[in-house]
Amino acid sequence: MSWLLPSALGVGAAALIGLVAVHFIARSRPIAEPLPTARFIPERAIRARTRSYALSDIVLLLLRALAIVAICAAVAAPAFSTTHGRTARVIVADRSRDVASIGEVRDSVRALARAGDVIVPLDSAASRRVRATDSLVQSDARGSLSAGFAEAMRAGAELARANDSLELIVVSPFAREEIDHATARIRAAWPGRVRLVRVAPRPIASAGTVPRVEIRADTNDAVAAGLALAGFVSTDGAATVRVVRDKLTTADSAWATASGHVLVHWPVAEADADWPTRRTIDAIGGVVSTSGVLVARLPRLWVLNGTAIARWADGEIAAMERPTGGGCIRHVGVLIDESSDVTLRPPFRDFARGLLAPCGGDATFAVADSTTLISLGGAGPLAPAAQLRDDGTRSRWTPWLLAFGALVLIAELAVRRGPARTT
Amino acid sequence: MTITRYGALLDAVRGVRWPARHAVSSAVVGAHHSRTRGTSAEFTEYRLYRQGDDPRRLDWRLLARSDRAYIRLANDRAVLPTMILLDTSASMAYPILSRLKWIHAQNLSVGLSAVAHAEGDPVGVALHDARGHVRVLPPRTRRSVVDEIARVVDAADPDGLEPLAPVLAALRAPRIVIVTDMLGDSDDMLRAARVHIVGGGEVHLAHVVAEEELEPPRRTLLAADPELPGVQRLLADASRRDYQNAFGEWRAEIARLWRAAGAAYTEVVTDEPASHAVRRIAGGVGVAS
């Protein structure tokens, strides 16, 4: 037997002690008896100790104690489980693009899974569950451990009905891009430790990898010239990166939702973007991307908020990324003077490589640090099933105990209203 | 029959005399000395004939021997109508279980009625009935009057708070016996009794006291006055002596005041047999027959 709210038992015990104390204090007031000549007794405070305890007082005490026990037990909500000792597992299997080999994930899950366990495939969402490990197929979507933990909670609530405790196992490379701000909080909602099984992450793209870019710009555009000079422009129509120097179109946005597509909106002038503008326009001497630094006198027009992929020299965001479906859209607020030759120099090539990198950036494929992994794993026992059950806030015994407590209170009232009662 | 409950008591008080405390003024011939001097056979003295005297009362033999006109004087006898005023207040129902005080008061009422009836006096009873109404059985001399009084007394229930003084003031019988514990309107009763005594009547007060009132239980108790709901006092070892002193002083003061007013005061404790109490009440100071 377990209790859904054990603290109520402590409160009940304190109430019992208080009841006994108050009962005997109250009994120190003598029982009133008629005496026609009471007026001749000297008047004084009616407080005195008496050593006479009637049987009915003990009955009253017992009835009141019984009522307190019943009500506190009802609040504590006893739960009788017939699943003592059973442990089930929820296995979150990462099949996102962050995994180097889905076969390794399958092998790990196969080694861990037993009959009755639930396997939750994980990529950008985790809403489907599979029974067989062979049905795990790699996805191009970015992984999200938050989604995996959330689905694990739902699966755990279902398993909790027939099990005593639950173990959560996450098979993943634990790439940085899979962890967001909500991950820690959702993980904390799982009431037990998490077993982390690491698989090989997707290899980090090397610095020499050349992005395949298509550009929509004027023929004399400086950025287009710089990217072409750097050798990023693709001519075979297989580009995964599109640089747009004028306004974005609906077709651009639709193209960006495809898996692995990167749409870089790098406006030529203020009119080509509808981003919020700064209160005062200033100029700054440099901008830094994940791959290089561009030193130049550059005007600063817009205020960008989001996941930064480039920052001004003072730390303000110069370019940001927004995920859209399987791809992403990047806004680059770095205005290049058309008469400048800054795009023709090597630093521009290094700077631009970071802006053209796959969604999430090359660096996000890196594995999360050990501190993050330790906090994800946690410590302590397995998750108790009682804390994951959907009906965890109810006990079928509660209404009966409350009804019993009410009956006892009615009986107490009847006894208290008996003849010659003053307590 | 109700009277059978009082059979032993009536046997015990048979033969008890209850003389009037003073000469009575009544035209009906009875057992008590009358204030008037009449023509009875009980000669007292001679007195010179005065104009207006009834010539039939002249002692003709003396006139013939001494040639002086004397009339014969004799003491008359008269009846003394008696009313029993019984207190039915809630304080009489004590102790709660045995109600000894009330039973004792009933016995006194019936016993005194029987004694008065045996003297040939009309006897009646007045009390508040169970509904709080004044029930008066006027003085009668018929044979069944004691039985009737016993019925009225048995039908009463001591749970009221009605005052006795108005009833006492309304009674017109020359002899009134008040059977009460004096825990009600004692001051008003004393005033009404004084009026009655000054008017030539006589008043007997049978002050009924329960033994438990004199010696309350030794344990600590919270005493509640049944006639004063707001009064609750703690009776403990420390206050027991003070209570007994105060109760004793009050009883002594009651006795002093009523005796000073000319009433016959008798304190009756419930541990005393009712027949003894009746003898003490009836056998008080009276006029020698």
# chains A, B, ... in the order shown; residues from 1 in each chain; ligands from 1
>>> closest_atom_pairs(of="chain B", to="chain A", cutoff="7 Å", atoms="only C-alpha atoms", output="tab-separated table")
residue	atom	partner	partner_atom	distance
B:Ser91	CA	A:Pro36	CA	5.1
B:Glu213	CA	A:Thr37	CA	6.6
B:Thr220	CA	A:Thr50	CA	6.7
B:Leu221	CA	A:Pro30	CA	5.6
B:Leu222	CA	A:Ala32	CA	4.5
B:Ala223	CA	A:Glu33	CA	5.1
B:Ala224	CA	A:Pro34	CA	4.6
B:Asp225	CA	A:Pro36	CA	5.0
B:Pro226	CA	A:Pro34	CA	6.0
B:Val231	CA	A:Arg39	CA	6.9
B:Arg233	CA	A:Glu43	CA	6.1
B:Leu234	CA	A:Ile46	CA	5.8
B:Leu235	CA	A:Ile41	CA	6.6
B:Ser239	CA	A:Pro42	CA	6.6
B:Asp242	CA	A:Pro42	CA	6.9
B:Tyr243	CA	A:Ile41	CA	4.6
B:Ala246	CA	A:Phe40	CA	5.7
B:Phe247	CA	A:Phe40	CA	5.8
>>> residues_around(residues="His128 (chain B)", least_positions_apart="3", cutoff="9 Å", atoms="only C-alpha atoms", output="CSV table (one decimal) with C-alpha atoms, in the first residue's frame")
chain,number,residue,atom,x,y,z
B,86,LEU,CA,-47.3,24.0,48.5
B,87,ASP,CA,-44.3,25.2,46.6
B,88,THR,CA,-43.9,23.5,43.2
B,89,SER,CA,-40.9,25.5,41.9
B,131,ARG,CA,-49.2,24.0,33.5
B,132,GLY,CA,-48.2,26.8,35.9
B,133,HIS,CA,-51.8,27.7,36.7
B,134,VAL,CA,-52.9,28.3,40.3
B,135,ARG,CA,-54.9,25.3,41.6
B,136,VAL,CA,-56.9,26.0,44.7
B,156,ALA,CA,-48.4,18.5,40.6
B,157,ASP,CA,-44.9,18.6,39.1
B,158,PRO,CA,-42.1,20.7,40.5
B,160,GLY,CA,-42.0,26.0,37.5
B,162,GLU,CA,-44.0,30.9,39.5
B,164,LEU,CA,-45.8,32.0,45.7
>>> residues_around(residues="Ser146 (chain A)", least_positions_apart="4", cutoff="10 Å", atoms="only C-alpha atoms", output="PyMOL selection string")
chain A and resi 122+124-126+150-152+178-187
>>> write_last_selection(atoms="C-alpha atoms", output="PDB file, in the first residue's frame")
ATOM      1  CA  LEU A 122      12.746  10.821 -31.680  1.00  0.00           C
ATOM      2  CA  SER A 124      11.978  16.954 -34.297  1.00  0.00           C
ATOM      3  CA  ALA A 125       8.843  15.463 -32.757  1.00  0.00           C
ATOM      4  CA  ALA A 126       8.137  12.292 -30.858  1.00  0.00           C
ATOM      5  CA  ALA A 150       7.486  14.888 -23.243  1.00  0.00           C
ATOM      6  CA  GLU A 151       6.445  11.793 -25.163  1.00  0.00           C
ATOM      7  CA  ALA A 152       8.255   9.619 -22.632  1.00  0.00           C
ATOM      8  CA  GLU A 178      18.876  18.674 -29.667  1.00  0.00           C
ATOM      9  CA  ILE A 179      18.890  20.531 -26.394  1.00  0.00           C
ATOM     10  CA  ASP A 180      16.879  23.714 -25.997  1.00  0.00           C
ATOM     11  CA  HIS A 181      15.832  25.908 -23.110  1.00  0.00           C
ATOM     12  CA  ALA A 182      12.860  23.706 -22.227  1.00  0.00           C
ATOM     13  CA  THR A 183      14.793  20.456 -22.114  1.00  0.00           C
ATOM     14  CA  ALA A 184      15.978  20.767 -18.519  1.00  0.00           C
ATOM     15  CA  ARG A 185      12.513  21.620 -17.223  1.00  0.00           C
ATOM     16  CA  ILE A 186      10.777  18.821 -19.092  1.00  0.00           C
ATOM     17  CA  ARG A 187      13.457  16.406 -17.933  1.00  0.00           C
TER      18      ARG A 187
END
>>> closest_atom_pairs(of="region 339-404 of chain A", to="region 65-71 of chain A", cutoff="7 Å", atoms="only C-alpha atoms", output="tab-separated table")
residue	atom	partner	partner_atom	distance
A:Leu401	CA	A:Ala70	CA	5.4
A:Leu402	CA	A:Ile71	CA	5.6
A:Phe404	CA	A:Ala70	CA	6.8
>>> write_last_selection(atoms="C-alpha atoms", output="short mmCIF file (atom, residue, chain, number, x, y, z; two decimals), in the first residue's frame")
data_model
loop_
_atom_site.label_atom_id
_atom_site.label_comp_id
_atom_site.auth_asym_id
_atom_site.auth_seq_id
_atom_site.Cartn_x
_atom_site.Cartn_y
_atom_site.Cartn_z
CA LEU A 401 -13.06 7.06 4.07
CA LEU A 402 -14.67 10.49 3.93
CA PHE A 404 -16.92 6.88 7.24
#
>>> residues_around(residues="region 303-314 of chain A", least_positions_apart="3", cutoff="9 Å", atoms="only C-alpha atoms", output="number ranges by chain")
A: 275-278, 284-290, 300, 317-322, 330-333, 351, 354-355, 360-361
>>> select_by_dssp(residues="region 68-206 of chain A", states="strand (DSSP E or B)", output="ChimeraX atom specification")
/A:78-79,87-94,99,118-122,130,165-172,175,194-198,201
>>> select_by_dssp(residues="region 120-249 of chain A", states="alpha helix (DSSP H)", output="PyMOL selection string")
chain A and resi 145-159+183-188+222-230
>>> atom_distance(atom1="CA of Arg218 (chain B)", atom2="CA of Val268 (chain B)")
22.7 Å
>>> decode(residues="region 25-169 of chain B", atoms="C-alpha atoms", output="compact mmCIF listing (two decimals), in the first residue's frame")
# COMPACT_ATOMS: atom_id res chain seq x y z
CA SER B 25 -63.04 34.18 65.74
CA SER B 26 -65.45 31.90 64.05
CA ALA B 27 -69.13 31.34 64.38
CA VAL B 28 -68.95 27.65 63.57
CA VAL B 29 -68.45 25.42 66.51
CA GLY B 30 -65.22 23.58 66.45
CA ALA B 31 -62.29 22.41 68.52
CA HIS B 32 -60.40 25.66 68.98
CA HIS B 33 -60.92 28.36 71.56
CA SER B 34 -63.06 31.15 70.24
CA ARG B 35 -62.56 34.80 70.94
CA THR B 36 -66.26 35.11 71.68
CA ARG B 37 -67.80 34.10 74.98
CA GLY B 38 -71.03 32.32 74.38
CA THR B 39 -73.50 29.90 75.83
CA SER B 40 -71.60 26.74 75.77
CA ALA B 41 -71.65 24.39 78.69
CA GLU B 42 -68.05 25.22 79.58
CA PHE B 43 -68.58 27.81 82.41
CA THR B 44 -65.88 30.43 82.86
CA GLU B 45 -67.06 33.28 85.16
CA TYR B 46 -69.94 35.53 86.22
CA ARG B 47 -70.37 39.09 85.16
CA LEU B 48 -72.81 41.73 86.34
CA TYR B 49 -75.76 42.07 84.09
CA ARG B 50 -75.58 45.09 81.89
CA GLN B 51 -78.34 46.62 79.93
CA GLY B 52 -78.55 44.96 76.60
CA ASP B 53 -77.36 41.54 77.75
CA ASP B 54 -79.51 38.65 76.79
CA PRO B 55 -81.79 37.99 79.79
CA ARG B 56 -81.69 34.31 78.94
CA ARG B 57 -78.07 34.22 80.10
CA LEU B 58 -78.99 35.46 83.61
CA ASP B 59 -78.21 33.02 86.40
CA TRP B 60 -81.63 32.91 87.89
CA ARG B 61 -80.63 30.81 90.86
CA LEU B 62 -77.94 33.26 91.87
CA LEU B 63 -80.38 36.12 91.40
CA ALA B 64 -82.83 34.37 93.64
CA ARG B 65 -80.28 33.69 96.35
CA SER B 66 -78.44 36.99 96.36
CA ASP B 67 -80.85 39.33 94.62
CA ARG B 68 -78.04 40.32 92.28
CA ALA B 69 -78.25 39.96 88.57
CA TYR B 70 -75.30 38.09 87.09
CA ILE B 71 -74.93 36.48 83.76
CA ARG B 72 -72.96 33.28 83.14
CA LEU B 73 -69.99 33.49 80.79
CA ALA B 74 -68.65 30.46 78.90
CA ASN B 75 -65.78 29.93 76.37
CA ASP B 76 -66.96 29.17 72.88
CA ARG B 77 -65.25 26.66 70.55
CA ALA B 78 -64.72 27.36 66.87
CA VAL B 79 -63.26 25.77 63.75
CA LEU B 80 -60.02 27.00 62.12
CA PRO B 81 -60.08 26.70 58.31
CA THR B 82 -56.61 25.69 57.13
CA MET B 83 -54.95 26.09 53.74
CA ILE B 84 -51.80 24.27 52.70
CA LEU B 85 -49.71 26.33 50.24
CA LEU B 86 -47.31 23.95 48.49
CA ASP B 87 -44.27 25.23 46.60
CA THR B 88 -43.93 23.54 43.19
CA SER B 89 -40.91 25.46 41.94
CA ALA B 90 -38.07 23.68 40.15
CA SER B 91 -35.82 23.83 43.16
CA MET B 92 -38.14 21.40 44.95
CA ALA B 93 -37.21 18.65 42.50
CA TYR B 94 -33.97 17.86 44.22
CA PRO B 95 -32.01 15.60 44.26
CA ILE B 96 -32.60 15.05 40.59
CA LEU B 97 -33.04 11.29 40.78
CA SER B 98 -34.75 10.74 44.13
CA ARG B 99 -36.69 14.05 44.39
CA LEU B 100 -36.67 13.58 48.15
CA LYS B 101 -37.40 17.24 48.77
CA TRP B 102 -40.57 17.15 46.74
CA ILE B 103 -41.71 13.84 48.20
CA HIS B 104 -41.14 15.22 51.67
CA ALA B 105 -43.16 18.33 50.85
CA GLN B 106 -46.00 16.16 49.53
CA ASN B 107 -45.98 14.07 52.70
CA LEU B 108 -46.02 17.16 54.89
CA SER B 109 -48.95 18.62 52.97
CA VAL B 110 -51.04 15.47 53.20
CA GLY B 111 -50.04 14.78 56.82
CA LEU B 112 -50.88 18.27 58.01
CA SER B 113 -54.15 18.17 56.07
CA ALA B 114 -55.07 14.96 57.83
CA VAL B 115 -54.24 16.41 61.24
CA ALA B 116 -56.29 19.55 60.59
CA HIS B 117 -59.14 17.46 59.24
CA ALA B 118 -59.06 15.26 62.33
CA GLU B 119 -59.49 18.42 64.39
CA GLY B 120 -62.68 19.05 62.52
CA ASP B 121 -61.23 22.01 60.69
CA PRO B 122 -61.89 22.65 57.02
CA VAL B 123 -58.72 22.07 55.06
CA GLY B 124 -57.69 22.85 51.49
CA VAL B 125 -54.61 23.18 49.35
CA ALA B 126 -53.22 25.70 46.87
CA LEU B 127 -50.38 25.18 44.41
CA HIS B 128 -49.24 25.75 40.86
CA ASP B 129 -50.21 22.83 38.70
CA ALA B 130 -48.11 21.27 35.93
CA ARG B 131 -49.18 23.99 33.49
CA GLY B 132 -48.23 26.79 35.85
CA HIS B 133 -51.83 27.69 36.72
CA VAL B 134 -52.86 28.27 40.32
CA ARG B 135 -54.87 25.33 41.57
CA VAL B 136 -56.88 25.99 44.73
CA LEU B 137 -58.86 23.37 46.58
CA PRO B 138 -60.94 25.44 49.04
CA PRO B 139 -61.14 24.37 52.70
CA ARG B 140 -63.66 21.58 53.23
CA THR B 141 -64.61 19.38 56.13
CA ARG B 142 -66.07 16.48 54.20
CA ARG B 143 -64.60 13.07 54.76
CA SER B 144 -62.87 12.75 51.41
CA VAL B 145 -61.04 16.05 51.51
CA VAL B 146 -57.70 14.53 52.51
CA ASP B 147 -57.92 12.13 49.62
CA GLU B 148 -58.72 15.02 47.28
CA ILE B 149 -55.75 16.97 48.59
CA ALA B 150 -53.53 13.93 48.05
CA ARG B 151 -54.71 13.70 44.44
CA VAL B 152 -53.99 17.37 43.76
CA VAL B 153 -50.58 17.15 45.35
CA ASP B 154 -49.66 14.01 43.45
CA ALA B 155 -50.72 15.55 40.14
CA ALA B 156 -48.40 18.51 40.56
CA ASP B 157 -44.89 18.58 39.11
CA PRO B 158 -42.12 20.75 40.54
CA ASP B 159 -40.66 22.44 37.48
CA GLY B 160 -42.05 25.95 37.50
CA LEU B 161 -40.71 29.36 38.40
CA GLU B 162 -44.01 30.92 39.48
CA PRO B 163 -43.92 33.09 42.62
CA LEU B 164 -45.83 32.03 45.75
CA ALA B 165 -46.43 35.46 47.26
CA PRO B 166 -49.44 36.39 45.07
CA VAL B 167 -51.10 33.10 45.92
CA LEU B 168 -50.38 33.59 49.59
CA ALA B 169 -51.83 37.08 49.51
